[in-house]
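K.L.:
Pasting a structure here, questions to come.
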Amino acid sequence: MRMHKYLSITPEIEEALKNGTPVVALESTILSHGMPYPENLEFAHKVEEVIRAEGAIPATMAVIGGKLKVGLNSEELEIMCRAENVGKMSRRDIPVYLATGKTGATTVATTMLIASLAGIRVFATGGIGGVHRGGENTMDISADLQEFANTPVAVVTAGAKQILDIGRTLEYLETFGVPVLGFRTDEFPAFYCRTSGYKLDYCCQDEEEVAKIMNTKWELGMKGGLVIGNPIPEEYALDFNEMEEVINNAIKLADEKHIRGKNITPFLLATIKDMTKGVAFASNVQLALNNAKIAARIAVKYQELQKDQ
Ligand code: PSU
Ligand code: MN
């Protein structure tokens, strides 16, 4: 494997990649900018345990000390969770953070980028970025969507929050040739809610089917990734209409406070958490753990296909 000079991979993950042990990438923006301390630290350890329990190795990403970190030790997880002077870093921020030694948390886009540099093909997140509501005017479209178009990583997600325009997000992914697969669902999930009203073309029944589709896409030499929509477990799902009201209020507040650009998503996440008194936070944790479990199983199946070849 060709090692990139900016990559810093833990020995355990390097070994796993060499031996063909399945590895699952995890993002750090969900920790630094999506959850409060110390609950985020507890989650950071738990999500790694869930992946290990399925026979895969977790690789949480970040930029620390001028390096693209693949896998974080406890001390580094603590830094990301305390989130003091930790920026939110999308694709365009990477060269700045590396060159200046700033500490940065990875979004879906940057986690995919680092995963692909390291040779990791599966990534578990909570919610993906997308076209924001009103995006047809503001042009606020997450860089996550372009990363799906270009970078070969399969991302297991509970869908997109209603803070986004889910319909336009799906249209954008279609335009850029990104397969969107429902995992045991025929609707794109809406993060806290199992359904969004937007039907998908494909419903995969198991992890092996997902792994075969990934494998086929990349064997064909097609660039880009895949979105795997995995609905929040039934028992943690919240009411769509109630969340719609909360989210509308959060968007109104963001507008009044003139929150713009990359600060919008973290602002909305924090406001929703405050408005729902933590109920939404508990759901957030559970859906992310569930995504990690399914991602690990997909990584195991994908790795089996590589060995067969
Ligand atoms: N949506 C969520 N939780 C999150 C994010 C989005 O429900 O934590 C984070 C992810 O890291 C995602 C990023 O990649 O926000 C998207 O930010 P932006 O819209 O600025 O691209
Ligand atoms: Mn944006």
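Residues are named by chain letter and number: chains run A, B, ... in the order of the structure tokens, numbers start at 1 in each chain, and ligands are numbered from 1 in the order shown.
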How would you report the residues lying within 6 Å of ligand 2, as a tab-separated table (two decimals) with N, CA, C and O atoms, in the first residue's frame, if you count only C-alpha atoms and all ligand atoms?

P.N.:
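Result file pocket_15.tsv:
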```
chain	number	residue	atom	x	y	z
A	140	ASP	N	-26.66	26.85	-0.50
A	140	ASP	CA	-26.03	26.13	0.60
A	140	ASP	C	-26.25	24.63	0.40
A	140	ASP	O	-27.32	24.08	0.70
A	141	ILE	N	-25.24	24.01	-0.17
A	141	ILE	CA	-25.25	22.57	-0.45
A	141	ILE	C	-24.00	22.01	0.20
A	141	ILE	O	-22.89	22.44	-0.11
A	142	SER	N	-24.16	21.06	1.11
A	142	SER	CA	-23.01	20.50	1.82
A	142	SER	C	-21.99	19.90	0.86
A	142	SER	O	-22.35	19.24	-0.11
A	261	GLY	N	-23.20	29.93	6.59
A	261	GLY	CA	-22.12	29.04	6.15
A	261	GLY	C	-21.98	27.79	7.00
A	261	GLY	O	-22.96	27.14	7.35
A	262	LYS	N	-20.74	27.46	7.33
A	262	LYS	CA	-20.49	26.19	8.01
A	262	LYS	C	-21.02	26.15	9.44
A	262	LYS	O	-21.07	25.10	10.05
```

K.L.:
If the limit is 7 Å from any atom of ligand 1, counting only C-alpha atoms and all ligand atoms, which residues qualify? Return them as a list in words.

P.N.:
Glu27, Thr29, Ile30, His33, Gly34, Ser90, Thr106, Thr107, Val108, Ala109, Gly126, Gly127, Ile128, Gly129, Gly130, Ile141, Ser142, Ala143, Asp144, Ala160, Lys161, Phe191, Gly261, Lys262, Asn263, Ile264, Thr265, Pro266 and Leu269 of chain A

K.L.:
Between atom CA of Thr103 of chain A and atom CA of Val156 of chain A, what distance in Å does the model show, to one decimal?

P.N.:
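Taking atom CA of Thr103 of chain A as the start and atom CA of Val156 of chain A as the end point, the length is 25.5 Å.
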
K.L.:
Please provide the set of residues having any atom within 12 Å of Met61 of chain A, restricted to only C-alpha atoms, with same-chain residues fewer than 5 positions apart removed, written as number ranges by chain.

P.N.:
A: 7-10, 13, 24-32, 44, 67-73, 76-77, 80, 89, 103-118, 120, 123-125

K.L.:
Using only C-alpha atoms, find the one residue out of A:Ala56, A:Asn248, A:Ala295, A:Glu242 that sits nearest to Thr276 of chain A.

P.N.:
A:Glu242

K.L.:
If you measure from atom CA of Ala292 of chain A to atom CA of Ala53 of chain A, what distance in Å do you get, rounded to one decimal?

P.N.:
10.4 Å

K.L.:
Name the residues of segment 117-198 of chain A that come out as helix (DSSP H, G or I) in a backbone DSSP run; write them as a compact mmCIF listing (two decimals) with N, CA, C and O atoms, in the first residue's frame.

P.N.:
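selection_37.txt written:
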```txt
# COMPACT_ATOMS: atom_id res chain seq x y z
N LEU A 117 -7.97 7.64 1.30
CA LEU A 117 -6.50 7.69 1.25
C LEU A 117 -5.89 6.50 1.98
O LEU A 117 -4.84 5.99 1.60
N ALA A 118 -6.57 6.09 3.06
CA ALA A 118 -6.04 4.97 3.85
C ALA A 118 -6.46 3.61 3.30
O ALA A 118 -5.94 2.59 3.74
N GLY A 135 -32.05 26.16 -0.27
CA GLY A 135 -30.77 26.02 -0.98
C GLY A 135 -30.83 26.47 -2.43
O GLY A 135 -29.80 26.83 -3.00
N GLU A 136 -32.05 26.45 -3.00
CA GLU A 136 -32.19 26.90 -4.38
C GLU A 136 -31.85 28.39 -4.50
O GLU A 136 -31.52 28.87 -5.58
N ASN A 137 -31.93 29.11 -3.37
CA ASN A 137 -31.56 30.53 -3.38
C ASN A 137 -30.20 30.78 -2.75
O ASN A 137 -29.39 31.52 -3.28
N THR A 138 -29.95 30.12 -1.59
CA THR A 138 -28.69 30.39 -0.88
C THR A 138 -27.52 29.62 -1.49
O THR A 138 -26.37 29.94 -1.25
N ALA A 143 -20.72 20.11 1.19
CA ALA A 143 -19.63 19.49 0.41
C ALA A 143 -19.68 17.97 0.52
O ALA A 143 -19.06 17.27 -0.29
N ASP A 144 -20.44 17.45 1.49
CA ASP A 144 -20.61 15.99 1.60
C ASP A 144 -21.10 15.41 0.27
O ASP A 144 -20.69 14.32 -0.14
N LEU A 145 -22.00 16.11 -0.39
CA LEU A 145 -22.63 15.55 -1.60
C LEU A 145 -21.63 15.41 -2.73
O LEU A 145 -21.66 14.43 -3.49
N GLN A 146 -20.72 16.38 -2.87
CA GLN A 146 -19.68 16.27 -3.90
C GLN A 146 -18.71 15.14 -3.56
O GLN A 146 -18.14 14.51 -4.45
N GLU A 147 -18.51 14.91 -2.26
CA GLU A 147 -17.60 13.83 -1.86
C GLU A 147 -18.20 12.48 -2.26
O GLU A 147 -17.49 11.60 -2.75
N PHE A 148 -19.51 12.34 -2.09
CA PHE A 148 -20.17 11.10 -2.54
C PHE A 148 -19.99 10.91 -4.04
O PHE A 148 -19.88 9.79 -4.52
N ALA A 149 -19.98 12.03 -4.76
CA ALA A 149 -19.84 11.94 -6.21
C ALA A 149 -18.44 11.48 -6.62
O ALA A 149 -18.27 10.87 -7.67
N ASN A 150 -17.44 11.75 -5.78
CA ASN A 150 -16.05 11.57 -6.20
C ASN A 150 -15.24 10.52 -5.46
O ASN A 150 -14.24 10.03 -5.98
N ILE A 166 -34.78 17.34 1.80
CA ILE A 166 -34.45 15.94 1.51
C ILE A 166 -34.67 15.62 0.04
O ILE A 166 -33.86 14.94 -0.59
N GLY A 167 -35.74 16.16 -0.54
CA GLY A 167 -36.02 15.92 -1.95
C GLY A 167 -34.90 16.41 -2.85
O GLY A 167 -34.41 15.67 -3.71
N ARG A 168 -34.46 17.63 -2.62
CA ARG A 168 -33.38 18.18 -3.46
C ARG A 168 -32.06 17.47 -3.20
O ARG A 168 -31.23 17.33 -4.09
N THR A 169 -31.85 17.05 -1.96
CA THR A 169 -30.62 16.29 -1.63
C THR A 169 -30.58 15.00 -2.46
O THR A 169 -29.55 14.66 -3.05
N LEU A 170 -31.72 14.32 -2.55
CA LEU A 170 -31.77 13.07 -3.33
C LEU A 170 -31.61 13.34 -4.82
O LEU A 170 -30.96 12.56 -5.54
N GLU A 171 -32.18 14.43 -5.30
CA GLU A 171 -32.02 14.79 -6.72
C GLU A 171 -30.55 15.04 -7.05
O GLU A 171 -30.04 14.63 -8.09
N TYR A 172 -29.87 15.73 -6.16
CA TYR A 172 -28.46 16.06 -6.36
C TYR A 172 -27.64 14.77 -6.45
O TYR A 172 -26.79 14.61 -7.32
N LEU A 173 -27.92 13.84 -5.54
CA LEU A 173 -27.18 12.57 -5.54
C LEU A 173 -27.45 11.78 -6.82
O LEU A 173 -26.56 11.14 -7.37
N GLU A 174 -28.67 11.88 -7.32
CA GLU A 174 -28.99 11.20 -8.58
C GLU A 174 -28.20 11.80 -9.73
O GLU A 174 -27.58 11.09 -10.53
N THR A 175 -28.18 13.12 -9.78
CA THR A 175 -27.45 13.81 -10.86
C THR A 175 -25.98 13.40 -10.89
O THR A 175 -25.40 13.21 -11.95
```

K.L.:
Which residues, written as a PyMOL selection string, have at least one atom at most 12 Å from Asn241 of chain A, with only C-alpha atoms counted and residues fewer than 4 positions away on the same chain left out?

P.N.:
chain A and resi 162+190+192-193+195-196+245-248

K.L.:
Running DSSP on the backbone, which parts of segment 200-301 of chain A land in strand (DSSP E), as a VMD selection string?

P.N.:
chain A and resid 202 to 204 226 to 229

K.L.:
May I ask for the distance between atom CA of Val285 of chain A and atom CA of Pro36 of chain A, given in Å to one decimal place?

P.N.:
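It comes out at 11.5 Å.
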
K.L.:
Hey, what's within 10 Å of Glu209 of chain A if we count only C-alpha atoms and toss same-chain stuff fewer than 4 positions away? As a list of chain:residue names, please?

P.N.:
A:Phe183, A:Cys203, A:Cys204, A:Gln205, A:Ile213, A:Met214, A:Asn215, A:Ile298, A:Lys301, A:Tyr302

K.L.:
Nearest to Ile51 of chain A among A:Asn249, A:Asn290, A:Gln306, A:Asn19, with distances taken over only C-alpha atoms: which residue is it?

P.N.:
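Between A:Asn249, A:Asn290, A:Gln306, A:Asn19, the residue approaching Ile51 of chain A most closely is A:Asn290.
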
K.L.:
Skip Asn284 of chain A itself and residues of its chain fewer than 2 positions away, then list as a PDB file with N, CA and C atoms, in the first residue's frame all residues within 9 Å of it, counting only C-alpha atoms.

P.N.:
```pdb
ATOM      1  N   GLY A 126     -23.903   9.614  11.512  1.00  0.00           N
ATOM      2  CA  GLY A 126     -25.276   9.810  11.971  1.00  0.00           C
ATOM      3  C   GLY A 126     -26.083  10.296  10.787  1.00  0.00           C
ATOM      4  N   GLY A 127     -26.036  11.606  10.570  1.00  0.00           N
ATOM      5  CA  GLY A 127     -26.759  12.191   9.436  1.00  0.00           C
ATOM      6  C   GLY A 127     -25.788  12.813   8.453  1.00  0.00           C
ATOM      7  N   PHE A 191     -33.484  10.753   9.619  1.00  0.00           N
ATOM      8  CA  PHE A 191     -32.714  10.870  10.852  1.00  0.00           C
ATOM      9  C   PHE A 191     -33.527  10.428  12.073  1.00  0.00           C
ATOM     10  N   TYR A 192     -34.239  11.329  12.738  1.00  0.00           N
ATOM     11  CA  TYR A 192     -35.024  10.956  13.923  1.00  0.00           C
ATOM     12  C   TYR A 192     -36.245  10.112  13.548  1.00  0.00           C
ATOM     13  N   ILE A 232     -33.486   4.772  11.852  1.00  0.00           N
ATOM     14  CA  ILE A 232     -33.347   4.713  13.316  1.00  0.00           C
ATOM     15  C   ILE A 232     -34.193   3.544  13.841  1.00  0.00           C
ATOM     16  N   TYR A 236     -36.671   4.127  19.141  1.00  0.00           N
ATOM     17  CA  TYR A 236     -36.085   5.456  19.407  1.00  0.00           C
ATOM     18  C   TYR A 236     -36.583   6.513  18.434  1.00  0.00           C
ATOM     19  N   VAL A 279     -34.243  14.645  24.484  1.00  0.00           N
ATOM     20  CA  VAL A 279     -34.894  13.449  23.926  1.00  0.00           C
ATOM     21  C   VAL A 279     -34.288  13.144  22.562  1.00  0.00           C
ATOM     22  N   ALA A 280     -34.133  14.188  21.763  1.00  0.00           N
ATOM     23  CA  ALA A 280     -33.572  14.008  20.426  1.00  0.00           C
ATOM     24  C   ALA A 280     -32.124  13.530  20.513  1.00  0.00           C
ATOM     25  N   PHE A 281     -31.426  13.964  21.547  1.00  0.00           N
ATOM     26  CA  PHE A 281     -30.027  13.553  21.705  1.00  0.00           C
ATOM     27  C   PHE A 281     -29.923  12.042  21.932  1.00  0.00           C
ATOM     28  N   ALA A 282     -30.788  11.517  22.771  1.00  0.00           N
ATOM     29  CA  ALA A 282     -30.786  10.068  23.036  1.00  0.00           C
ATOM     30  C   ALA A 282     -31.032   9.299  21.734  1.00  0.00           C
ATOM     31  N   GLN A 286     -28.510   6.592  19.645  1.00  0.00           N
ATOM     32  CA  GLN A 286     -28.949   5.242  19.278  1.00  0.00           C
ATOM     33  C   GLN A 286     -28.879   4.986  17.780  1.00  0.00           C
ATOM     34  N   LEU A 287     -29.237   5.970  16.986  1.00  0.00           N
ATOM     35  CA  LEU A 287     -29.185   5.744  15.533  1.00  0.00           C
ATOM     36  C   LEU A 287     -27.741   5.632  15.058  1.00  0.00           C
ATOM     37  N   ALA A 288     -26.851   6.392  15.687  1.00  0.00           N
ATOM     38  CA  ALA A 288     -25.443   6.328  15.285  1.00  0.00           C
ATOM     39  C   ALA A 288     -24.829   4.975  15.667  1.00  0.00           C
ATOM     40  N   LEU A 289     -25.202   4.448  16.826  1.00  0.00           N
ATOM     41  CA  LEU A 289     -24.706   3.120  17.240  1.00  0.00           C
ATOM     42  C   LEU A 289     -25.232   2.046  16.294  1.00  0.00           C
TER      43      LEU A 289
END
```
